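Novice: Take a look at this one; I'll ask things after.
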Amino acid sequence: MPRTALSPEQKKDYMVTDLPYWFEKEARKQKIYIKDLAKALGITPQAWNGRKKPMVNGKPKDSFSYGDMLILFNLLDVPKDERLKIMTL
């Protein structure tokens with residue numbers, strides 16, 4: 001199947017939807033569990049999983065604040081260039 005270019009809106013939706021999974025993937029590389037990610041944000045693991053679910057209208061919800069992302073980046077020791085790539089649409 002041929003690849004098609006994503007519109008800016010589609011790219012934003014994809015990145016917002018994929019962000020919790022990206023954090024989980026990076027955590028697994030360092031042997032950090034979902035419960036540790038949730039604890040760092042001051043929420044329960046169930047609340048973490050709730051952040052991965054789309055809204056009722058089918059559009060992805062922006063589930064992490066800027067502060068939440070900074071906490072997770074520091075916990076996972078994400079390099080500055082990778083942080084910039086994640087934060088830029």
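Residue numbering restarts at 1 in every chain; chains get A, B, ... in the order shown in the structure tokens, and ligands count up from 1 in that same order.
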Using DSSP assignments from the backbone, pull out every residue in chain A that falls under alpha helix (DSSP H) and give it to me as JSON, numbers by chain.
Specialist: {"A": [8, 9, 10, 11, 12, 13, 14, 15, 16, 17, 18, 19, 20, 21, 22, 23, 24, 25, 26, 27, 28, 29, 34, 35, 36, 37, 38, 39, 40, 41, 45, 46, 47, 48, 49, 50, 66, 67, 68, 69, 70, 71, 72, 73, 74, 75, 76, 80, 81, 82, 83, 84, 85, 86, 87]}
Novice: Choose the residue, out of A:Pro79, A:Lys11, A:Lys31, A:Phe23, that has the smallest atom-to-atom separation from Trp48 (chain A); count only C-alpha atoms.
Specialist: A:Phe23
Novice: Excluding same-chain residues fewer than 5 positions from Met69 (chain A), what lies within 10 Å of it counting only C-alpha atoms, as a list in words?
Specialist: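 Near Met69 (chain A), the qualifying residues are Leu19, Phe23, Leu41, Ser63, Phe64, Asn74, Leu75, Arg83, Ile86 and Met87 of chain A.
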Novice: Identify which of the residues A:Ile71, A:Lys85, A:Asp62, A:Pro8 lies closest to Gly42 (chain A), counting only C-alpha atoms when measuring atom-to-atom distances.
Specialist: A:Ile71
